[in-house]
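Quick look at query_1.txt (compact mmCIF, C-alpha atoms and all ligand atoms):
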# COMPACT_ATOMS: atom_id res chain seq x y z
CA MET A 1 14.94 16.47 -7.27
CA ALA A 2 12.67 16.48 -4.24
CA THR A 3 13.07 13.67 -1.75
CA ILE A 4 11.09 12.52 1.23
CA ASN A 5 12.27 10.38 4.09
CA LEU A 6 9.70 7.62 3.64
CA THR A 7 10.27 4.11 2.32
CA PHE A 8 8.03 2.43 -0.23
CA ASP A 9 6.46 0.32 2.51
CA GLU A 10 5.82 3.35 4.70
CA MET A 11 4.11 5.15 1.83
CA TRP A 12 2.08 2.03 1.20
CA GLU A 13 0.97 2.01 4.85
CA LYS A 14 -0.17 5.65 4.52
CA ILE A 15 -2.33 5.00 1.49
CA ILE A 16 -3.89 1.90 3.03
CA ALA A 17 -4.75 4.05 6.05
CA CYS A 18 -5.96 6.95 3.78
CA ASP A 19 -3.69 9.10 5.93
CA GLN A 20 -4.38 12.75 5.20
CA LYS A 21 -1.31 13.89 7.13
CA TYR A 22 0.88 12.99 4.19
CA ASP A 23 -1.20 14.55 1.42
CA GLY A 24 0.91 16.56 -0.97
CA LEU A 25 4.16 14.89 0.11
CA PHE A 26 3.89 12.13 -2.44
CA PHE A 27 1.53 10.75 -5.05
CA THR A 28 0.34 7.22 -5.71
CA ALA A 29 0.48 6.29 -9.38
CA VAL A 30 -1.45 3.19 -10.39
CA LYS A 31 0.16 1.53 -13.39
CA THR A 32 -2.94 -0.45 -14.40
CA THR A 33 -5.30 2.55 -14.53
CA GLY A 34 -2.91 5.40 -15.39
CA ILE A 35 -4.38 7.44 -12.53
CA TYR A 36 -2.56 9.17 -9.69
CA CYS A 37 -3.94 10.00 -6.24
CA ARG A 38 -3.33 11.67 -2.91
CA PRO A 39 -2.40 9.36 -0.01
CA SER A 40 -5.81 10.03 1.57
CA CYS A 41 -7.83 9.01 -1.51
CA LYS A 42 -10.81 6.88 -0.53
CA SER A 43 -11.01 5.04 -3.86
CA ARG A 44 -10.56 1.29 -3.89
CA LYS A 45 -6.96 0.39 -3.12
CA PRO A 46 -4.78 -0.86 -5.96
CA LYS A 47 -2.63 -3.96 -5.68
CA LYS A 48 0.74 -3.13 -4.17
CA ILE A 49 2.55 -4.49 -7.20
CA ASN A 50 0.75 -2.01 -9.48
CA VAL A 51 1.80 1.07 -7.53
CA ASP A 52 4.59 3.57 -8.05
CA PHE A 53 5.18 6.52 -5.78
CA TYR A 54 6.18 9.96 -6.99
CA ILE A 55 7.34 12.89 -4.90
CA ASP A 56 6.86 15.47 -7.58
CA ARG A 57 3.52 16.15 -9.27
CA GLN A 58 5.21 17.37 -12.44
CA GLU A 59 7.05 14.11 -12.65
CA VAL A 60 4.02 11.91 -12.25
CA GLU A 61 2.21 13.86 -14.97
CA THR A 62 5.22 13.71 -17.27
CA ALA A 63 5.20 9.95 -16.75
CA GLY A 64 1.74 9.98 -18.32
CA PHE A 65 -0.56 9.60 -15.31
CA ARG A 66 -3.84 11.50 -15.04
CA ALA A 67 -5.20 13.05 -11.84
CA CYS A 68 -7.86 11.09 -9.98
CA LYS A 69 -11.30 12.74 -10.24
CA ARG A 70 -12.16 11.77 -6.72
CA CYS A 71 -9.26 13.07 -4.63
CA GLN A 72 -8.08 15.73 -7.14
CA PRO A 73 -4.37 15.56 -6.32
CA GLU A 74 -3.63 18.40 -8.76
CA VAL A 75 -5.73 20.93 -6.86
CA GLU A 76 -4.32 23.15 -4.13
CA PHE A 77 -7.25 23.89 -1.87
CA SER A 78 -5.85 27.08 -0.34
CA PRO A 79 -2.85 29.35 -0.72
CA ASN A 80 -1.47 28.01 2.54
CA VAL A 81 -1.44 24.41 1.36
CA ALA A 82 2.02 24.79 -0.15
CA LEU A 83 3.29 26.20 3.14
CA VAL A 84 1.83 23.30 5.10
CA ARG A 85 3.41 20.87 2.66
CA SER A 86 6.83 22.52 3.06
CA VAL A 87 6.54 22.32 6.83
CA VAL A 88 5.41 18.69 6.83
CA THR A 89 8.18 17.78 4.39
CA TYR A 90 10.68 19.39 6.73
CA LEU A 91 9.26 17.47 9.70
CA VAL A 92 9.27 14.13 7.87
CA ASN A 93 12.84 14.67 6.70
CA HIS A 94 14.21 15.82 10.07
CA PHE A 95 12.12 13.87 12.58
CA LYS A 96 15.18 12.14 14.08
CA GLN A 97 16.67 15.41 15.27
CA PRO A 98 15.47 17.65 18.09
CA ILE A 99 13.39 20.24 16.22
CA THR A 100 12.34 23.61 17.62
CA LEU A 101 9.60 25.82 16.26
CA GLN A 102 12.35 28.26 15.29
CA ASP A 103 14.03 25.56 13.15
CA VAL A 104 10.77 24.93 11.34
CA ALA A 105 10.13 28.65 10.89
CA ASP A 106 13.65 29.14 9.51
CA SER A 107 13.15 26.31 7.05
CA VAL A 108 10.25 28.15 5.43
CA GLY A 109 11.46 31.71 6.04
CA LEU A 110 8.63 32.84 8.30
CA SER A 111 8.34 34.04 11.89
CA PRO A 112 7.56 31.29 14.40
CA TYR A 113 4.38 33.09 15.42
CA TYR A 114 3.01 33.45 11.90
CA LEU A 115 4.06 29.94 10.97
CA GLU A 116 2.37 28.32 13.95
CA ARG A 117 -0.83 30.30 13.50
CA THR A 118 -1.11 29.54 9.79
CA PHE A 119 -0.20 25.89 10.23
CA LYS A 120 -2.82 25.50 12.93
CA GLN A 121 -5.48 27.19 10.81
CA GLU A 122 -4.85 24.76 7.99
CA THR A 123 -4.31 21.50 9.85
CA GLY A 124 -5.87 21.99 13.28
CA GLU A 125 -2.49 21.00 14.72
CA THR A 126 0.66 22.71 15.87
CA PRO A 127 3.91 21.77 14.14
CA ARG A 128 4.85 20.06 17.41
CA SER A 129 1.76 17.85 17.61
CA TYR A 130 2.12 17.04 13.91
CA LEU A 131 5.73 16.05 14.48
CA GLU A 132 4.65 13.78 17.34
CA LYS A 133 2.27 12.00 14.99
CA ILE A 134 4.98 11.58 12.36
CA ARG A 135 7.35 10.17 14.99
CA VAL A 136 4.71 7.76 16.27
CA ASP A 137 3.96 6.67 12.67
CA LYS A 138 7.67 5.93 12.27
CA ALA A 139 7.65 4.05 15.56
CA THR A 140 4.66 1.88 14.60
CA HIS A 141 6.41 1.00 11.36
CA LEU A 142 9.60 -0.01 13.18
CA LEU A 143 7.72 -1.93 15.87
CA VAL A 144 6.01 -4.22 13.38
CA THR A 145 8.79 -4.51 10.79
CA THR A 146 11.98 -4.72 12.90
CA ASP A 147 13.33 -6.39 16.04
CA GLN A 148 14.50 -3.11 17.55
CA THR A 149 13.70 -2.72 21.25
CA ASN A 150 11.22 -0.11 22.44
CA LEU A 151 14.11 1.96 23.69
CA GLU A 152 15.92 1.80 20.36
CA VAL A 153 12.73 2.74 18.56
CA CYS A 154 12.22 5.64 20.94
CA TYR A 155 15.54 7.26 20.06
CA GLU A 156 15.43 6.17 16.42
CA VAL A 157 12.26 8.18 15.83
CA GLY A 158 13.53 11.29 17.61
CA PHE A 159 12.05 11.15 21.10
CA GLN A 160 14.49 12.43 23.70
CA SER A 161 13.15 10.41 26.62
CA PRO A 162 11.46 7.02 26.94
CA SER A 163 8.78 8.37 29.28
CA ASN A 164 7.76 10.98 26.75
CA PHE A 165 7.78 8.33 24.00
CA TYR A 166 5.48 6.02 25.99
CA ARG A 167 3.16 8.84 26.96
CA VAL A 168 2.76 10.21 23.43
CA PHE A 169 2.54 6.75 21.87
CA LYS A 170 -0.22 5.71 24.26
CA ARG A 171 -2.15 8.93 23.73
CA LEU A 172 -2.11 8.55 19.94
CA LYS A 173 -2.43 4.78 19.62
CA GLY A 174 -4.40 3.82 22.71
CA CYS A 175 -1.85 1.19 23.75
CA SER A 176 1.79 0.85 24.70
CA PRO A 177 4.52 0.21 22.13
CA SER A 178 4.86 -3.39 23.40
CA GLU A 179 1.14 -4.01 23.09
CA TYR A 180 1.18 -2.51 19.64
CA ARG A 181 3.97 -4.82 18.58
CA LYS A 182 2.20 -7.85 20.00
CA LEU A 183 -0.89 -7.01 17.99
CA GLY A 184 1.23 -6.58 14.89
CA GLY A 185 -0.42 -3.22 14.26
CA SER A 186 -3.71 -4.91 13.48
CA ASN A 187 -5.71 -2.68 15.79
CA HIS A 188 -4.66 0.43 13.98
CA GLU A 189 -5.05 -0.13 10.25
CA LEU A 190 -8.47 1.48 10.11
CA ASP A 191 -8.05 4.56 12.27
ZN ZN B 201 -7.77 9.44 -5.90
When written as structure tokens, how does the structure in this file appear?
Amino acid sequence: MATINLTFDEMWEKIIACDQKYDGLFFTAVKTTGIYCRPSCKSRKPKKINVDFYIDRQEVETAGFRACKRCQPEVEFSPNVALVRSVVTYLVNHFKQPITLQDVADSVGLSPYYLERTFKQETGETPRSYLEKIRVDKATHLLVTTDQTNLEVCYEVGFQSPSNFYRVFKRLKGCSPSEYRKLGGSNHELD
């Protein structure tokens, strides 16, 4: 069975943020309506207690949920969507390790050149910049839900140096990790 290295609370954060980066990696099934959605669905958010997450679309359908008309989670919008999903799954599941473009290319059986070009066409990002966003998402989660120090968080989410961690974090979040923690993440829920 497919697995993804995201906790229930992390998946919940993604759907509250309508985070498109994680589309296709998991599905939100709403027990009260019998509907399932992509993480980025803009429909009104269900209550947390009414939500189940599924990694596999077959599984969520077998469980009796119907696809949301609005976000159409059952539709693949292009032939490269499956490739992007494989790459993002690899990044989410290996973010703690140093990852090279060659590692990512090997994981999907393509040349690094072709992989990077296709991935960029589909997402507007390189695998590296996407990985940075995933790492920073992990960091924001740890900063507001744990007592780990900035330095611990830095290494926990796969950055190799604190200076790089601070630089990337600030670029993506507009504040330092310490500031982010102080604000409890409240300045970021709507971005
Ligand atoms: Zn939906």
_Considering only C-alpha atoms, can you say which of A:Leu142, A:Ala29, A:Val136, A:Val108 comes closest to Glu59 of chain A?_
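Closest candidate: A:Ala29.
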*Quick one: everything within 12 Å of Gln160 of chain A, counting only C-alpha atoms, minus sequence neighbours fewer than 4 positions away in the same chain. Send it as a ChimeraX atom specification.*
/A:95-99,132,135,151-156,164-166,168
*Using all atoms listed in the file, what are the residues with an atom within 6 Å of ligand ZN 201 (chain B), set out as a ChimeraX atom specification?*
/A:37-38,41,43,68,70-71
*Would you list the contacts of Ala105 of chain A as a list in words, taking every protein, DNA or RNA residue within 9 Å and counting only C-alpha atoms, but skipping same-chain residues closer than 5 positions in sequence?*
Val87, Thr100, Leu110, Ser111, Pro112, Tyr113, Tyr114, Leu115 and Glu116 of chain A
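Candidate residues A:Pro79, A:Pro73, A:Gly184, A:Pro46 were compared for distance to Thr146 of chain A, and the nearest is A:Gly184, using all atoms listed in the file.
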*Tell me which of A:Tyr36, A:Ser178, A:Lys45, A:Phe53 sits closest to Phe8 of chain A, counting all atoms listed in the file.*
A:Phe53
*If you measure from atom CA of Lys14 of chain A to atom CA of Pro39 of chain A, what distance in Å do you get, rounded to one decimal?*
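Atom CA of Lys14 of chain A sits 6.3 Å away from atom CA of Pro39 of chain A.
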*Nearest to Val81 of chain A by atom-to-atom distance, counting only C-alpha atoms, from A:Val51, A:Leu25, A:Ile35, A:Val30*: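 When distances to Val81 of chain A are compared using only C-alpha atoms, the smallest one comes from A:Leu25.
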*Considering all atoms listed in the file, return as a PyMOL selection string whatever protein or nucleic-acid residues lie within 9 Å of Leu143 of chain A, sequence-local ones (same chain, fewer than 2 positions apart) excluded.*
chain A and resi 138-141+145-150+153+177-178+180-181+184-185
*Have a look at atom CA of Ser161 of chain A and atom CA of Leu91 of chain A and let me know their distance in Å, one decimal.*
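A separation of 18.7 Å between them.
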So which residues touch Lys133 of chain A within 12 Å, counting only C-alpha atoms, skipping near sequence neighbours fewer than 2 positions away, as an mmCIF file with C-alpha atoms, keeping the file's coordinate frame?
data_model
loop_
_atom_site.group_PDB
_atom_site.id
_atom_site.type_symbol
_atom_site.label_atom_id
_atom_site.label_comp_id
_atom_site.auth_asym_id
_atom_site.auth_seq_id
_atom_site.Cartn_x
_atom_site.Cartn_y
_atom_site.Cartn_z
ATOM 1 C CA ASP A 19 -3.690 9.100 5.930
ATOM 2 C CA GLN A 20 -4.380 12.750 5.200
ATOM 3 C CA LYS A 21 -1.310 13.890 7.130
ATOM 4 C CA TYR A 22 0.880 12.990 4.190
ATOM 5 C CA VAL A 88 5.410 18.690 6.830
ATOM 6 C CA LEU A 91 9.260 17.470 9.700
ATOM 7 C CA VAL A 92 9.270 14.130 7.870
ATOM 8 C CA PHE A 95 12.120 13.870 12.580
ATOM 9 C CA GLU A 125 -2.490 21.000 14.720
ATOM 10 C CA THR A 126 0.660 22.710 15.870
ATOM 11 C CA PRO A 127 3.910 21.770 14.140
ATOM 12 C CA ARG A 128 4.850 20.060 17.410
ATOM 13 C CA SER A 129 1.760 17.850 17.610
ATOM 14 C CA TYR A 130 2.120 17.040 13.910
ATOM 15 C CA LEU A 131 5.730 16.050 14.480
ATOM 16 C CA ARG A 135 7.350 10.170 14.990
ATOM 17 C CA VAL A 136 4.710 7.760 16.270
ATOM 18 C CA ASP A 137 3.960 6.670 12.670
ATOM 19 C CA LYS A 138 7.670 5.930 12.270
ATOM 20 C CA ALA A 139 7.650 4.050 15.560
ATOM 21 C CA THR A 140 4.660 1.880 14.600
ATOM 22 C CA VAL A 157 12.260 8.180 15.830
ATOM 23 C CA GLY A 158 13.530 11.290 17.610
ATOM 24 C CA PHE A 159 12.050 11.150 21.100
ATOM 25 C CA PHE A 165 7.780 8.330 24.000
ATOM 26 C CA VAL A 168 2.760 10.210 23.430
ATOM 27 C CA PHE A 169 2.540 6.750 21.870
ATOM 28 C CA LYS A 170 -0.220 5.710 24.260
ATOM 29 C CA ARG A 171 -2.150 8.930 23.730
ATOM 30 C CA LEU A 172 -2.110 8.550 19.940
ATOM 31 C CA LYS A 173 -2.430 4.780 19.620
#
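Here atom CA of Tyr54 of chain A and atom CA of Gln102 of chain A stand 29.5 Å from one another.
Remark: for Asp23 of chain A, the closest of the candidate residues A:Arg66, A:Lys120, A:His94, A:Arg57 is A:Arg57 (distances computed over only C-alpha atoms).
Shortest atom-to-atom contact with Ile4 of chain A among A:Arg117, A:Lys182, A:Arg85, A:Lys31: A:Arg85, counting all atoms listed in the file.
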